[in-house]
Amino acid sequence: MGPLYVLGARQRKSILKTDEEFRAYEAALILRVDPTSGTANCCVEYKSPPEVRASEQASNGFKCASLVGNKLYTCTSTEVLVFTVPDFERTAYLSLPYFNDLHHVAPTNDNHLLVVSTGLDLVAKITPSGETMAIWNTLGEDPWARFSRDLDYRKVESTKPHKSHPNFVFQLGREIWVTRFAQRDAVCLTTPGKRIDINVEKPHDGLLFNNHLYFTTVDGHVVIADPHTLRVEQTFDLNQIDGAKDKSLGWCRGLLPLDDRRIWAGFTRVRKTKFTENLLWIKHGFRQNETPTHISLYDLVRGQCLREINLEPHGMNVVFGIHSAAQPR
């Protein structure tokens, strides 16, 4: 098995049970993980500068990323950063006033950037120099009906509760799509009306791989859909594969398909939050032995967990992305 890049954050040592995610993490991390030995080394440890943070207590963390060739496009809550791999030299940086609780960034087919500003329920298409080319509210509304063009949302700690909570952007040809947490679906922003129903639970990742769309849901399902018919073809319950009957595997975020049967998935230890509607998928309630933050390799065809790597001994307490660290050919 080839090495992996895993993106996320390290939790504050002084974290309180009442602290929300937007205050809980002290440093953004990128780990290089060896799946065979289970060892890991830190490639990047990063903290956002004060001018783009809501406060000194605001979390630092890497959210979802896109790895294209030797460029890793990632984001914090208020910034877009581009690194070359494997040296992790930072080659680009953007931060705009409407960046709040960013969840994903991806390069477009025409060499621009798609950025998901979850806090404002919008997706933006941006030039590499930071010019906004297009902006979409993920409910089809006026992007500025509930928000102000004049406010610097990087300085706003949280805009929750969100009406849509978009998570992950992807392209099907020239069409731009996004997953929507609250609506349990993926929708096309450039051709309104096109929709993929992911009703099993609230979705997060949405990846096109081998002419199929792979989605995660936060409760630990992998949903595979046909990008042509826009219909779900298969659903796999990773909890059932793991035999996790009396506990939660954690927030399922981070997905890397390897082939038509094997996938890596990421899980973050569940923490209590005042936004209880986000945790309704936890059926057993909270227990003392919640599963630690980890990544797991699954054979979906055989229904077997092949490998599990606990990330907490390596300093990572939340995981958002998993990418192959094998050198591009």
# chains A, B, ... in the order shown; residues from 1 in each chain; ligands from 1
>>> residues_around(residues="His112 in chain A", least_positions_apart="4", cutoff="9 Å", atoms="only C-alpha atoms", output="list of chain:residue names")
A:Ala106, A:Pro107, A:Thr108, A:Lys125, A:Ile126, A:Thr127, A:Pro128
>>> write_last_selection(atoms="N, CA and C atoms", output="mmCIF file, in the first residue's frame")
data_model
loop_
_atom_site.group_PDB
_atom_site.id
_atom_site.type_symbol
_atom_site.label_atom_id
_atom_site.label_comp_id
_atom_site.auth_asym_id
_atom_site.auth_seq_id
_atom_site.Cartn_x
_atom_site.Cartn_y
_atom_site.Cartn_z
ATOM 1 N N ALA A 106 -11.158 23.345 -4.869
ATOM 2 C CA ALA A 106 -10.786 22.473 -5.979
ATOM 3 C C ALA A 106 -10.477 23.323 -7.200
ATOM 4 N N PRO A 107 -9.464 22.945 -7.988
ATOM 5 C CA PRO A 107 -9.207 23.661 -9.239
ATOM 6 C C PRO A 107 -10.249 23.282 -10.288
ATOM 7 N N THR A 108 -10.599 24.234 -11.138
ATOM 8 C CA THR A 108 -11.566 23.967 -12.192
ATOM 9 C C THR A 108 -10.859 23.444 -13.439
ATOM 10 N N LYS A 125 -16.499 30.783 -7.665
ATOM 11 C CA LYS A 125 -15.462 30.512 -8.655
ATOM 12 C C LYS A 125 -14.548 31.728 -8.676
ATOM 13 N N ILE A 126 -13.251 31.478 -8.464
ATOM 14 C CA ILE A 126 -12.302 32.549 -8.229
ATOM 15 C C ILE A 126 -11.086 32.369 -9.126
ATOM 16 N N THR A 127 -10.542 33.460 -9.635
ATOM 17 C CA THR A 127 -9.296 33.394 -10.410
ATOM 18 C C THR A 127 -8.136 33.154 -9.448
ATOM 19 N N PRO A 128 -6.996 32.665 -9.950
ATOM 20 C CA PRO A 128 -5.834 32.469 -9.077
ATOM 21 C C PRO A 128 -5.373 33.738 -8.363
#
>>> residues_around(residues="Arg261 in chain A", least_positions_apart="5", cutoff="7 Å", atoms="only C-alpha atoms", output="ChimeraX atom specification")
/A:299-301
>>> closest_residue(among="A:Leu120, A:Ala325, A:Val222, A:Ala28", to="Thr84 in chain A", atoms="only C-alpha atoms")
A:Ala325
>>> residues_around(residues="Val232 in chain A", least_positions_apart="6", cutoff="9 Å", atoms="only C-alpha atoms", output="JSON, numbers by chain")
{"A": [196, 197, 198, 213, 223, 224, 225, 226]}
>>> write_last_selection(atoms="N, CA and C atoms", output="PDB file, in the first residue's frame")
ATOM      1  N   ILE A 196     -28.849  14.777  -6.991  1.00  0.00           N
ATOM      2  CA  ILE A 196     -28.624  13.383  -6.591  1.00  0.00           C
ATOM      3  C   ILE A 196     -29.097  13.243  -5.154  1.00  0.00           C
ATOM      4  N   ASP A 197     -30.067  12.393  -4.932  1.00  0.00           N
ATOM      5  CA  ASP A 197     -30.635  12.181  -3.601  1.00  0.00           C
ATOM      6  C   ASP A 197     -29.740  11.230  -2.808  1.00  0.00           C
ATOM      7  N   ILE A 198     -29.243  11.705  -1.658  1.00  0.00           N
ATOM      8  CA  ILE A 198     -28.383  10.878  -0.793  1.00  0.00           C
ATOM      9  C   ILE A 198     -29.093  10.766   0.552  1.00  0.00           C
ATOM     10  N   LEU A 213     -19.558   8.252  -8.906  1.00  0.00           N
ATOM     11  CA  LEU A 213     -19.487   9.248  -7.848  1.00  0.00           C
ATOM     12  C   LEU A 213     -19.534   8.557  -6.495  1.00  0.00           C
ATOM     13  N   VAL A 223     -21.794   5.972  -0.374  1.00  0.00           N
ATOM     14  CA  VAL A 223     -22.874   5.917  -1.357  1.00  0.00           C
ATOM     15  C   VAL A 223     -22.262   6.104  -2.741  1.00  0.00           C
ATOM     16  N   ILE A 224     -22.556   5.197  -3.662  1.00  0.00           N
ATOM     17  CA  ILE A 224     -22.016   5.259  -5.018  1.00  0.00           C
ATOM     18  C   ILE A 224     -23.150   5.523  -5.989  1.00  0.00           C
ATOM     19  N   ALA A 225     -22.976   6.580  -6.806  1.00  0.00           N
ATOM     20  CA  ALA A 225     -24.021   6.985  -7.747  1.00  0.00           C
ATOM     21  C   ALA A 225     -23.479   7.016  -9.166  1.00  0.00           C
ATOM     22  N   ASP A 226     -24.383   6.906 -10.123  1.00  0.00           N
ATOM     23  CA  ASP A 226     -24.051   6.994 -11.541  1.00  0.00           C
ATOM     24  C   ASP A 226     -24.083   8.469 -11.950  1.00  0.00           C
TER      25      ASP A 226
END
>>> residues_around(residues="range 172-189 of chain A", least_positions_apart="5", cutoff="8 Å", atoms="only C-alpha atoms", output="list of chain:residue names")
A:Asn109, A:Trp136, A:Thr138, A:Lys163, A:Ser164, A:His165, A:Pro166, A:Asn167, A:Lys194, A:Arg195, A:Ile196, A:Asp197, A:Ile198, A:Asn199, A:Val200, A:Glu201, A:Lys202, A:Pro203, A:His204, A:Asp205, A:Gly206, A:Pro227
>>> closest_residue(among="A:Thr190, A:Lys247, A:Asp259, A:Pro292", to="Tyr214 in chain A", atoms="only C-alpha atoms")
A:Asp259
>>> atom_distance(atom1="CA of Asp142 in chain A", atom2="CA of Tyr98 in chain A")
14.3 Å
>>> atom_distance(atom1="CA of Glu233 in chain A", atom2="CA of Glu308 in chain A")
26.5 Å
>>> residues_around(residues="Ser117 in chain A", least_positions_apart="4", cutoff="7 Å", atoms="only C-alpha atoms", output="PyMOL selection string")
chain A and resi 99-103+121-123
>>> closest_residue(among="A:Arg253, A:Gly321, A:Arg231, A:Ile241", to="Leu306 in chain A", atoms="only C-alpha atoms")
A:Ile241
>>> residues_around(residues="Gly250 in chain A", least_positions_apart="4", cutoff="7 Å", atoms="only C-alpha atoms", output="list in words")
Phe267, Thr268, Arg269, Val270 and Thr291 of chain A
>>> closest_residue(among="A:Lys13, A:Lys160, A:His212, A:Arg149", to="Asp260 in chain A", atoms="only C-alpha atoms")
A:His212
>>> closest_residue(among="A:His314, A:Arg271, A:His104, A:Arg90", to="His294 in chain A", atoms="only C-alpha atoms")
A:His314
>>> atom_distance(atom1="CA of Asn310 in chain A", atom2="CA of Gly266 in chain A")
10.2 Å
>>> select_by_dssp(residues="range 8-131 of chain A", states="alpha helix (DSSP H)", output="short mmCIF file (atom, residue, chain, number, x, y, z; two decimals) with C-alpha atoms, in the first residue's frame")
data_model
loop_
_atom_site.label_atom_id
_atom_site.label_comp_id
_atom_site.auth_asym_id
_atom_site.auth_seq_id
_atom_site.Cartn_x
_atom_site.Cartn_y
_atom_site.Cartn_z
CA GLU A 21 -15.28 23.06 16.60
CA PHE A 22 -14.57 26.67 15.64
CA ARG A 23 -12.54 27.02 18.89
CA ALA A 24 -11.32 23.49 19.52
#
